[in-house]
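Enquirer: I have a structure here, written as structure tokens, and I will follow up with some questions on it.
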Protein chains: 2
Amino acid sequence: MSQIMEMLVRRGFIWQSFEIYGGMAGFIDYAPLGNGLRRKIENLWREFFVVNERSVEIDTPTIGIEEVFIASGHAEGFTDVAIECSNCGKVFRADHYVKEKLNLEVDPTVEAVESVIDEFNLKCECGGSFKKPEHFNLMFETIIGPGKGKKGYLRPETAQGIFIAFKRLSDYFRDKLPFGVAQIGRAYRNEISPRQGVIRLREFNQAELEFFCHPNEKKHPSFERYANEVVTLVDKFDKEHRITLREAVERGIIAHELLAYFIGKTREFLLKAGIKDEGLRFRQHKDDERAHYAVDCWDAEVLLSYGWIEVVGIADRSDYDLSRHTQFGREELSIFVPFDEPIKVKKKKIIPNMTKLGPAFRDKAKKIAEELEKLEEAGREIKLVIDGEEVTITSDFFEIKEVEEEVYGERVIPHVIEPSFGLDRITYAVLEHSFETDYVDGEERRVLRLKRYLAPVQVAVLPLLSKEDFVSIAEEIASELRGNGIYTEVDVTGSIGRRYRRFDEIGTPFCITVDHQTFEDDTVTIRDRDTTSQVRVERGRIVETIKSLIFSERDIKEVGQVFRA
Amino acid sequence: MSQIMEMLVRRGFIWQSFEIYGGMAGFIDYAPLGNGLRRKIENLWREFFVVNERSVEIDTPTIGIEEVFIASGHAEGFTDVAIECSNCGKVFRADHYVKEKLNLEVDPTVEAVESVIDEFNLKCECGGSFKKPEHFNLMFETIIGPGKGKKGYLRPETAQGIFIAFKRLSDYFRDKLPFGVAQIGRAYRNEISPRQGVIRLREFNQAELEFFCHPNEKKHPSFERYANEVVTLVDKFDKEHRITLREAVERGIIAHELLAYFIGKTREFLLKAGIKDEGLRFRQHKDDERAHYAVDCWDAEVLLSYGWIEVVGIADRSDYDLSRHTQFGREELSIFVPFDEPIKVKKKKIIPNMTKLGPAFRDKAKKIAEELEKLEEAGREIKLVIDGEEVTITSDFFEIKEVEEEVYGERVIPHVIEPSFGLDRITYAVLEHSFETDYVDGEERRVLRLKRYLAPVQVAVLPLLSKEDFVSIAEEIASELRGNGIYTEVDVTGSIGRRYRRFDEIGTPFCITVDHQTFEDDTVTIRDRDTTSQVRVERGRIVETIKSLIFSERDIKEVGQVFRA
């Protein structure tokens, strides 16, 4: 186990799930501190992608009925190629196994895998030979209801729950494009043989935004906010660029402004969460890697001990999803977009002659007239089926007129731009990028330099002695801080130095110490995690001081005189 | 559909899931406003039961491996009795069907159901007769991994994820009882034939607190906070009491103070969320209704259009869960509890005589001595198995001494008190209890009197006219409010009266209107949802005024002169 994983387990960030039953690859528990950090990252995401956009958030079931995933293509196409040993029965994900054993990239198709196995005489780790490779669907399957029930799947992405509610959502936005719909929640992928610890999970947390726009208007009013930011791009030809987003759009590297906007916004979010810029790049999907319907797709990748790892995917999914669900479902998922000015269109119109129809067809005449009016073309004779009976209407029963009609708009299937975030990977990446070792007083110190506003424990209150008068003041201070929404712990155990180290290691930005002087002049010390500088502050000013430090990047020097650095 | 359900769907609180594919009973979508409300209720719960207790929150997988639920008893016992029609194939939950058709309460056992069917000649709605009743397990089943994989279930409660992590959790709390561990998230129950709309869901949201305590210390330091509250209790003999929690404990109606504390705290939470006191009671489980391991169990029930509905269960689960997982898992889930003073205990000890053992048994002597020391009793001869070989040790090779040892504490299996909240039912109950019809200016008005701090849209900014100068000021005000964490919408469409009604109906507590006077003296109006009173406030004071209103129950009169009531 790496040094950081050891710390994350020991300190209570992440635990192995089902540990007392031997564990199970692909599942983790968020322990108290990891849960606190991930929830705060979720809220930061919500601030960026919901509150601060023309967006709303919804929450749809994690179980979906089969129809949804037939339409989305997952029932057929959400697969990996698996190889099973005919001797020991172990099953591996073929492309990963080939990469690991032969250091080869193999296309994830049955044919390609089969030919690699033949060519290199690839065997199982036990020496056995592999059966014929097979597609394995990565959705968890279940049955809803008793008896034969109805087939369901655990969702492989939160997005489908948004697409199938599109009609309701466009009503909510009164059919006005563009609008965004977000969802934060669990998604599932029944990995064949997950190995990379917290990186490849079978159950994970996504935050997705589906931003619906007019197909001809892939722009964003706030693009200027990011246009001059210099980002690291790796294009589909593996060429690296350090250029501004504006230039990337102008040179056609990024397909359009709206994608570039979300690349800029994603970058701002990741930096704000604590990812380091030098460990962040955006990589474009190659032509054969991209989904067939996607116009362009970029992954945010973060450099970790595992290598460059994808943490966000930003794709232009075109009208694929809405079109598919229109085709398979009961509703047309489109929007009526009015023109700026109504357009005049010439049209042929069939005008029934009631004076003649009446006497000739009597009680059927009215129905015939209605049917005739629906037609857009007519020859010399028209055959209609009225009440199950065929009637022939000759041209003397109607007239054809050319009329001019006003058309007010057209039905449009919106396109969707999707920034899709893997919250577990982001949480882990933030931890890796924040974990440092430095030297304090000649001793090695492990410190988690989490952003102050994201730290799961923001303040530790430490009575210098474990005597009751010290402890009760510490508890009072803690409860006042908690009342102001600040995550606060009191710790009584161990020397003060040891306690500082403990809170440095879990990323607590500030330690408040109740010491002998507190009883003399009603002051406490506040110690800054990053510089280990300390200042003295009156008790009455603690809450205000901590608040001003936590929601900013202010230096502790600004709130009092440093007496120990 | 009831008037409130119609409103909830139309306005965007709750939608039917998979609507374009015909829907599926037991699943709902949280639409934008419903999601906002539920998330806020979750945060309120977190404040009450995590931040404000000696508690932490964790987040464990929704999929569990089979072993967990064999140990918990769910694999065997989490069932309902189902009856299937031999003609049309429809399946019903037996006790619900009997209740509906015969207005009879039947025990949920195969035998009881069978005899009711026989006695009353109960038929299916189609006229067909029923097959023999069967137990149906209510957990959704799935397979983890490829090939035969491993059986897994979707968790029926979040609690088990806490129990199986107990060892890690007690480490986190440094083995100091009591401590609480909370979890908020999805749980699943594969209902046989769910019918009650949002009340009986197959996928739902739980907030559970597992409060671990010493079996002999079922008290809480903050009990006094609730001791004198008068609550409505319905005891297990169906007798109703309006008494204080202190009296209920003293008279033995509630088993102990810790349960009473959580009843008091649950009540405070529900009232704070907007449940009305007159529609809230606590009902004790009857002896035959309670799980066999539970010491005492109380449901918080809320009066809704469906009748009295359980929204919270508060149970003393004793040491059942930790004992079962100790029995089935690899770890002893107990805590070492030190005595106040070490206790002296007399003990027999076996002292090997090495001078004799050495020559007689040579290289085995050391192992023999070690085994002897482990024994607590000895006869004249001892048989041991050393390296797979039996050896007999006669009493001249050892001595038995009586010694006095100090014992510092004992291993204890904590008991657990569990308040378990159904967040979906609570969200719906809050909506029903907040929905009212009154008359304003002689016209009927529908208004959702949500607590100000829970409203999904807290402020609407309304430009009186849809002209650009009005709208741009409205957008400025909205963006300033959003920047201060207040959920704000701008609405331009329709008459001002119609817009007020729209926001009354979704529970928005305050509407700010930009009108002609705004351009003269830089003021806006603020309108209060509940009284429809309006005051005029300078633009510079909007944020501060709204903040002071939203996080309190202050009357709008206190912030300015009412000019229209």
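Going by the structure tokens order, chains are called A, B, ..., each with residues numbered from 1, while ligands are numbered from 1 in the order shown.
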Chain B near chain A within 6 Å: what's each residue's closest atom pair and its distance in Å to one decimal, counting only C-alpha atoms, ordered by chain then ascending residue number, as a Markdown table?
Expert:
```
| residue | atom | partner | partner_atom | distance |
| --- | --- | --- | --- | --- |
| B:Ile20 | CA | A:Arg330 | CA | 5.1 |
| B:Tyr21 | CA | A:Gly329 | CA | 5.4 |
| B:Asp29 | CA | A:Thr60 | CA | 4.5 |
| B:Tyr30 | CA | A:Asp59 | CA | 4.9 |
| B:Ala31 | CA | A:Ile58 | CA | 5.1 |
| B:Pro32 | CA | A:Ile58 | CA | 5.1 |
| B:Asn35 | CA | A:Ile58 | CA | 5.7 |
| B:Val56 | CA | A:Pro32 | CA | 5.8 |
| B:Glu57 | CA | A:Pro32 | CA | 5.4 |
| B:Ile58 | CA | A:Pro32 | CA | 5.0 |
| B:Asp59 | CA | A:Tyr30 | CA | 4.9 |
| B:Thr60 | CA | A:Asp29 | CA | 4.5 |
| B:Glu141 | CA | A:Thr142 | CA | 5.8 |
| B:Thr142 | CA | A:Thr142 | CA | 5.3 |
| B:Gly145 | CA | A:Ile192 | CA | 5.4 |
| B:Pro146 | CA | A:Ile192 | CA | 5.7 |
| B:Asn190 | CA | A:Gly145 | CA | 5.9 |
| B:Ile192 | CA | A:Gly145 | CA | 5.4 |
| B:Gly329 | CA | A:Ile20 | CA | 5.3 |
| B:Arg330 | CA | A:Ile20 | CA | 5.1 |
```
Enquirer: Could the residues in this selection be written to a file with N, CA, C and O atoms, as an mmCIF file, in the first residue's frame?
Expert:
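So the final result, stored in again_23.cif, reads:
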```
data_model
loop_
_atom_site.group_PDB
_atom_site.id
_atom_site.type_symbol
_atom_site.label_atom_id
_atom_site.label_comp_id
_atom_site.auth_asym_id
_atom_site.auth_seq_id
_atom_site.Cartn_x
_atom_site.Cartn_y
_atom_site.Cartn_z
ATOM 1 N N ILE B 20 -41.994 8.246 -20.228
ATOM 2 C CA ILE B 20 -42.125 8.048 -21.682
ATOM 3 C C ILE B 20 -42.038 6.572 -22.055
ATOM 4 O O ILE B 20 -42.220 6.214 -23.210
ATOM 5 N N TYR B 21 -41.737 5.717 -21.084
ATOM 6 C CA TYR B 21 -41.767 4.274 -21.334
ATOM 7 C C TYR B 21 -42.898 3.612 -20.548
ATOM 8 O O TYR B 21 -42.844 2.432 -20.229
ATOM 9 N N ASP B 29 -39.140 10.454 -9.720
ATOM 10 C CA ASP B 29 -38.066 11.416 -9.987
ATOM 11 C C ASP B 29 -38.254 12.604 -9.059
ATOM 12 O O ASP B 29 -39.379 13.100 -8.921
ATOM 13 N N TYR B 30 -37.198 13.060 -8.441
ATOM 14 C CA TYR B 30 -37.241 14.360 -7.796
ATOM 15 C C TYR B 30 -36.966 15.409 -8.862
ATOM 16 O O TYR B 30 -35.860 15.486 -9.389
ATOM 17 N N ALA B 31 -38.003 16.166 -9.192
ATOM 18 C CA ALA B 31 -37.868 17.255 -10.148
ATOM 19 C C ALA B 31 -37.127 18.414 -9.457
ATOM 20 O O ALA B 31 -36.842 18.332 -8.263
ATOM 21 N N PRO B 32 -36.810 19.494 -10.180
ATOM 22 C CA PRO B 32 -35.937 20.528 -9.584
ATOM 23 C C PRO B 32 -36.367 21.008 -8.201
ATOM 24 O O PRO B 32 -35.534 21.082 -7.287
ATOM 25 N N ASN B 35 -36.209 18.125 -5.522
ATOM 26 C CA ASN B 35 -34.812 17.848 -5.199
ATOM 27 C C ASN B 35 -34.263 18.908 -4.252
ATOM 28 O O ASN B 35 -33.596 18.583 -3.266
ATOM 29 N N VAL B 56 -20.519 10.957 13.594
ATOM 30 C CA VAL B 56 -19.882 11.189 12.312
ATOM 31 C C VAL B 56 -20.780 10.593 11.241
ATOM 32 O O VAL B 56 -21.702 9.829 11.534
ATOM 33 N N GLU B 57 -20.492 10.939 9.998
ATOM 34 C CA GLU B 57 -21.256 10.401 8.875
ATOM 35 C C GLU B 57 -20.329 9.613 7.978
ATOM 36 O O GLU B 57 -19.206 10.044 7.717
ATOM 37 N N ILE B 58 -20.785 8.450 7.523
ATOM 38 C CA ILE B 58 -19.996 7.698 6.538
ATOM 39 C C ILE B 58 -20.882 7.400 5.337
ATOM 40 O O ILE B 58 -22.085 7.672 5.353
ATOM 41 N N ASP B 59 -20.279 6.835 4.290
ATOM 42 C CA ASP B 59 -21.034 6.539 3.073
ATOM 43 C C ASP B 59 -20.507 5.228 2.506
ATOM 44 O O ASP B 59 -19.379 5.162 2.035
ATOM 45 N N THR B 60 -21.311 4.199 2.597
ATOM 46 C CA THR B 60 -20.873 2.865 2.188
ATOM 47 C C THR B 60 -21.697 2.408 0.976
ATOM 48 O O THR B 60 -22.720 3.015 0.664
ATOM 49 N N GLU B 141 -31.775 -8.493 -6.125
ATOM 50 C CA GLU B 141 -30.603 -9.346 -6.222
ATOM 51 C C GLU B 141 -29.806 -8.965 -7.464
ATOM 52 O O GLU B 141 -30.376 -8.525 -8.462
ATOM 53 N N THR B 142 -28.502 -9.149 -7.400
ATOM 54 C CA THR B 142 -27.690 -8.946 -8.601
ATOM 55 C C THR B 142 -26.445 -9.814 -8.520
ATOM 56 O O THR B 142 -26.229 -10.497 -7.517
ATOM 57 N N GLY B 145 -19.456 -9.090 -10.845
ATOM 58 C CA GLY B 145 -18.362 -9.702 -11.609
ATOM 59 C C GLY B 145 -18.872 -10.626 -12.693
ATOM 60 O O GLY B 145 -20.060 -10.935 -12.769
ATOM 61 N N PRO B 146 -17.931 -11.082 -13.538
ATOM 62 C CA PRO B 146 -18.312 -11.872 -14.718
ATOM 63 C C PRO B 146 -18.520 -13.342 -14.369
ATOM 64 O O PRO B 146 -18.283 -13.758 -13.233
ATOM 65 N N ASN B 190 -37.841 -4.355 -2.841
ATOM 66 C CA ASN B 190 -38.511 -4.799 -4.066
ATOM 67 C C ASN B 190 -39.970 -5.133 -3.773
ATOM 68 O O ASN B 190 -40.373 -6.297 -3.797
ATOM 69 N N ILE B 192 -43.848 -5.969 -3.657
ATOM 70 C CA ILE B 192 -44.585 -6.874 -4.529
ATOM 71 C C ILE B 192 -45.535 -6.101 -5.444
ATOM 72 O O ILE B 192 -45.548 -6.297 -6.656
ATOM 73 N N GLY B 329 -18.623 -13.014 10.781
ATOM 74 C CA GLY B 329 -17.470 -12.365 10.157
ATOM 75 C C GLY B 329 -16.154 -12.773 10.794
ATOM 76 O O GLY B 329 -16.084 -13.710 11.588
ATOM 77 N N ARG B 330 -15.099 -12.029 10.457
ATOM 78 C CA ARG B 330 -13.759 -12.394 10.903
ATOM 79 C C ARG B 330 -13.271 -11.591 12.092
ATOM 80 O O ARG B 330 -12.105 -11.675 12.456
#
```
Enquirer: Could you find all residues in region 248-340 of chain A that DSSP calls strand (DSSP E) from the backbone, and write them as a PyMOL selection string?
Expert: chain A and resi 280-284+296-304+307-316+335-340
Enquirer: Go ahead and save the residues from that selection, with N, CA, C and O atoms, as a compact mmCIF listing (two decimals), in the first residue's frame.
Expert:
```txt
# COMPACT_ATOMS: atom_id res chain seq x y z
N LEU A 280 -2.49 18.81 -14.51
CA LEU A 280 -3.82 18.80 -15.13
C LEU A 280 -3.69 19.07 -16.62
O LEU A 280 -2.99 20.01 -17.03
N ARG A 281 -4.33 18.25 -17.43
CA ARG A 281 -4.34 18.50 -18.88
C ARG A 281 -5.68 18.04 -19.45
O ARG A 281 -6.42 17.29 -18.80
N PHE A 282 -5.99 18.52 -20.63
CA PHE A 282 -7.21 18.11 -21.32
C PHE A 282 -6.81 17.35 -22.58
O PHE A 282 -6.07 17.87 -23.40
N ARG A 283 -7.29 16.12 -22.68
CA ARG A 283 -6.90 15.26 -23.79
C ARG A 283 -8.11 14.97 -24.67
O ARG A 283 -9.16 14.57 -24.18
N GLN A 284 -7.94 15.19 -25.95
CA GLN A 284 -9.04 14.98 -26.90
C GLN A 284 -9.14 13.50 -27.26
O GLN A 284 -8.11 12.83 -27.45
N ASP A 296 -17.28 15.87 -30.60
CA ASP A 296 -15.94 16.12 -30.07
C ASP A 296 -15.99 15.75 -28.59
O ASP A 296 -17.04 15.86 -27.96
N CYS A 297 -14.88 15.31 -28.05
CA CYS A 297 -14.87 14.89 -26.64
C CYS A 297 -13.50 15.12 -26.04
O CYS A 297 -12.48 14.78 -26.65
N TRP A 298 -13.47 15.72 -24.85
CA TRP A 298 -12.22 16.01 -24.15
C TRP A 298 -12.28 15.44 -22.73
O TRP A 298 -13.28 15.59 -22.03
N ASP A 299 -11.20 14.78 -22.33
CA ASP A 299 -11.10 14.32 -20.95
C ASP A 299 -10.19 15.25 -20.15
O ASP A 299 -9.10 15.60 -20.63
N ALA A 300 -10.62 15.61 -18.94
CA ALA A 300 -9.68 16.24 -18.02
C ALA A 300 -8.89 15.10 -17.38
O ALA A 300 -9.49 14.16 -16.84
N GLU A 301 -7.58 15.16 -17.49
CA GLU A 301 -6.73 14.12 -16.90
C GLU A 301 -5.83 14.72 -15.82
O GLU A 301 -5.32 15.83 -15.99
N VAL A 302 -5.66 13.96 -14.75
CA VAL A 302 -4.86 14.43 -13.63
C VAL A 302 -3.70 13.46 -13.43
O VAL A 302 -3.89 12.25 -13.51
N LEU A 303 -2.52 14.01 -13.18
CA LEU A 303 -1.35 13.16 -12.98
C LEU A 303 -1.31 12.64 -11.55
O LEU A 303 -1.21 13.41 -10.59
N LEU A 304 -1.44 11.31 -11.42
CA LEU A 304 -1.44 10.67 -10.10
C LEU A 304 -0.37 9.58 -10.07
O LEU A 304 0.29 9.33 -11.07
N GLY A 307 -0.43 7.31 -12.89
CA GLY A 307 -0.25 7.87 -14.23
C GLY A 307 -1.29 8.95 -14.48
O GLY A 307 -1.90 9.45 -13.54
N TRP A 308 -1.48 9.31 -15.75
CA TRP A 308 -2.51 10.30 -16.09
C TRP A 308 -3.87 9.62 -16.03
O TRP A 308 -4.11 8.66 -16.76
N ILE A 309 -4.76 10.11 -15.18
CA ILE A 309 -6.05 9.46 -14.97
C ILE A 309 -7.18 10.42 -15.36
O ILE A 309 -7.19 11.58 -14.95
N GLU A 310 -8.12 9.91 -16.14
CA GLU A 310 -9.30 10.69 -16.53
C GLU A 310 -10.18 10.94 -15.31
O GLU A 310 -10.54 10.00 -14.59
N VAL A 311 -10.52 12.20 -15.05
CA VAL A 311 -11.44 12.50 -13.94
C VAL A 311 -12.73 13.16 -14.40
O VAL A 311 -13.73 13.17 -13.69
N VAL A 312 -12.69 13.76 -15.60
CA VAL A 312 -13.88 14.41 -16.17
C VAL A 312 -13.91 14.10 -17.66
O VAL A 312 -12.85 14.07 -18.30
N GLY A 313 -15.10 13.88 -18.21
CA GLY A 313 -15.25 13.80 -19.66
C GLY A 313 -16.18 14.91 -20.11
O GLY A 313 -17.21 15.13 -19.48
N ILE A 314 -15.80 15.63 -21.16
CA ILE A 314 -16.64 16.74 -21.64
C ILE A 314 -16.93 16.46 -23.11
O ILE A 314 -16.04 16.53 -23.95
N ALA A 315 -18.19 16.10 -23.40
CA ALA A 315 -18.52 15.62 -24.74
C ALA A 315 -19.67 16.41 -25.34
O ALA A 315 -20.57 16.84 -24.65
N ASP A 316 -19.61 16.59 -26.64
CA ASP A 316 -20.76 17.05 -27.40
C ASP A 316 -21.46 15.80 -27.90
O ASP A 316 -21.00 15.13 -28.82
N ILE A 335 -38.16 20.57 -29.17
CA ILE A 335 -38.63 21.85 -28.66
C ILE A 335 -39.10 22.69 -29.83
O ILE A 335 -38.50 22.65 -30.91
N PHE A 336 -40.20 23.41 -29.65
CA PHE A 336 -40.64 24.33 -30.69
C PHE A 336 -39.89 25.64 -30.52
O PHE A 336 -40.01 26.31 -29.50
N VAL A 337 -39.08 25.96 -31.52
CA VAL A 337 -38.30 27.19 -31.43
C VAL A 337 -38.91 28.23 -32.36
O VAL A 337 -38.93 28.03 -33.59
N PRO A 338 -39.45 29.33 -31.81
CA PRO A 338 -40.07 30.34 -32.68
C PRO A 338 -39.02 31.08 -33.49
O PRO A 338 -37.89 31.28 -33.03
N PHE A 339 -39.39 31.47 -34.72
CA PHE A 339 -38.51 32.34 -35.50
C PHE A 339 -38.58 33.75 -34.94
O PHE A 339 -39.58 34.12 -34.31
N ASP A 340 -37.56 34.56 -35.24
CA ASP A 340 -37.61 35.96 -34.81
C ASP A 340 -38.82 36.64 -35.46
O ASP A 340 -39.55 37.39 -34.82
```
Enquirer: Looking at A:Val234, A:Leu177, A:Leu209, A:Ile253, which one is nearest to Ser334 (chain A), with distances taken over only C-alpha atoms?
Expert: A:Leu177
Enquirer: Distance CA of His220 (chain A)-CA of Thr493 (chain B), one decimal place?
Expert: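 CA of His220 (chain A) sits 23.0 Å away from CA of Thr493 (chain B).
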Enquirer: Apply DSSP to the backbone of this structure and, from region 35-264 of chain B, keep only the residues in helix (DSSP H, G or I); write these as JSON, numbers by chain.
Expert: {"B": [35, 36, 37, 38, 39, 40, 41, 42, 43, 44, 45, 46, 47, 48, 49, 50, 51, 66, 67, 68, 69, 70, 71, 72, 74, 75, 76, 77, 94, 95, 96, 97, 98, 99, 100, 101, 102, 110, 111, 112, 113, 114, 115, 116, 117, 118, 119, 120, 159, 160, 161, 162, 163, 166, 167, 168, 169, 170, 171, 172, 224, 225, 226, 227, 245, 246, 247, 248, 249, 250, 257, 258, 259, 260, 261, 262, 263, 264]}
Enquirer: Restricting the calculation to only C-alpha atoms, which member of A:Phe397, A:Arg324, A:Arg425, A:Gly494 is positioned closest to Gly358 (chain A)?
Expert: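 Result for the nearest residue to Gly358 (chain A): A:Phe397.
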Enquirer: Find the residues around Arg317 (chain A) up to 7 Å (only C-alpha atoms counted), leave out those fewer than 2 positions away in its own chain, and share them as a list in words.
Expert: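 Skipping anything fewer than 2 positions along the chain leaves Tyr293, Ala294, Val295, Ala315, Asp319, Tyr320, His415, Val416 and Ile417 of chain A.
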Enquirer: Contacts of region 378-383 of chain A at 9 Å or less, counting only C-alpha atoms, minus same-chain residues fewer than 5 places along, as number ranges by chain?
Expert: A: 350, 372, 390-396, 400
Enquirer: How would the residues just picked look written out with N, CA and C atoms as a PDB file, in the first residue's frame?
Expert:
```
ATOM      1  N   ILE A 350     -56.589  21.883 -49.771  1.00  0.00           N
ATOM      2  CA  ILE A 350     -57.751  21.247 -50.395  1.00  0.00           C
ATOM      3  C   ILE A 350     -59.014  21.751 -49.708  1.00  0.00           C
ATOM      4  N   LEU A 372     -60.354  15.274 -46.046  1.00  0.00           N
ATOM      5  CA  LEU A 372     -59.827  15.996 -47.208  1.00  0.00           C
ATOM      6  C   LEU A 372     -58.952  17.176 -46.772  1.00  0.00           C
ATOM      7  N   GLU A 390     -64.256   2.020 -47.912  1.00  0.00           N
ATOM      8  CA  GLU A 390     -63.534   2.871 -48.848  1.00  0.00           C
ATOM      9  C   GLU A 390     -64.510   3.687 -49.696  1.00  0.00           C
ATOM     10  N   VAL A 391     -64.229   4.986 -49.801  1.00  0.00           N
ATOM     11  CA  VAL A 391     -65.036   5.814 -50.697  1.00  0.00           C
ATOM     12  C   VAL A 391     -64.094   6.548 -51.659  1.00  0.00           C
ATOM     13  N   THR A 392     -64.574   6.788 -52.842  1.00  0.00           N
ATOM     14  CA  THR A 392     -63.757   7.477 -53.843  1.00  0.00           C
ATOM     15  C   THR A 392     -64.353   8.857 -54.075  1.00  0.00           C
ATOM     16  N   ILE A 393     -63.504   9.865 -53.965  1.00  0.00           N
ATOM     17  CA  ILE A 393     -63.963  11.240 -54.107  1.00  0.00           C
ATOM     18  C   ILE A 393     -63.358  11.797 -55.393  1.00  0.00           C
ATOM     19  N   THR A 394     -64.165  12.179 -56.297  1.00  0.00           N
ATOM     20  CA  THR A 394     -63.644  12.732 -57.556  1.00  0.00           C
ATOM     21  C   THR A 394     -63.421  14.227 -57.391  1.00  0.00           C
ATOM     22  N   SER A 395     -62.681  14.803 -58.335  1.00  0.00           N
ATOM     23  CA  SER A 395     -62.186  16.173 -58.156  1.00  0.00           C
ATOM     24  C   SER A 395     -63.289  17.225 -58.185  1.00  0.00           C
ATOM     25  N   ASP A 396     -64.490  16.865 -58.574  1.00  0.00           N
ATOM     26  CA  ASP A 396     -65.552  17.882 -58.550  1.00  0.00           C
ATOM     27  C   ASP A 396     -66.097  18.097 -57.138  1.00  0.00           C
ATOM     28  N   ILE A 400     -58.603  22.844 -55.323  1.00  0.00           N
ATOM     29  CA  ILE A 400     -57.229  23.003 -54.791  1.00  0.00           C
ATOM     30  C   ILE A 400     -56.838  24.457 -54.933  1.00  0.00           C
TER      31      ILE A 400
END
```
Enquirer: Neighbours of Glu402 (chain A) within 12 Å (only C-alpha atoms; same-chain residues fewer than 4 positions away dropped), as a PyMOL selection string?
Expert: chain A and resi 345-351+376-377
Enquirer: Need to verify the contact set: region 556-559 of chain A, 8 Å, only C-alpha atoms, exclusion of same-chain residues closer than 6 positions in sequence. Can you return it as a ChimeraX atom specification?
Expert: /A:528,533-535,545,549
Enquirer: May I ask which of the residues A:Gly73, A:Gly252, A:Gly264, A:Gly409 is the closest one to Asn228 (chain A), counting only C-alpha atoms?
Expert: A:Gly264
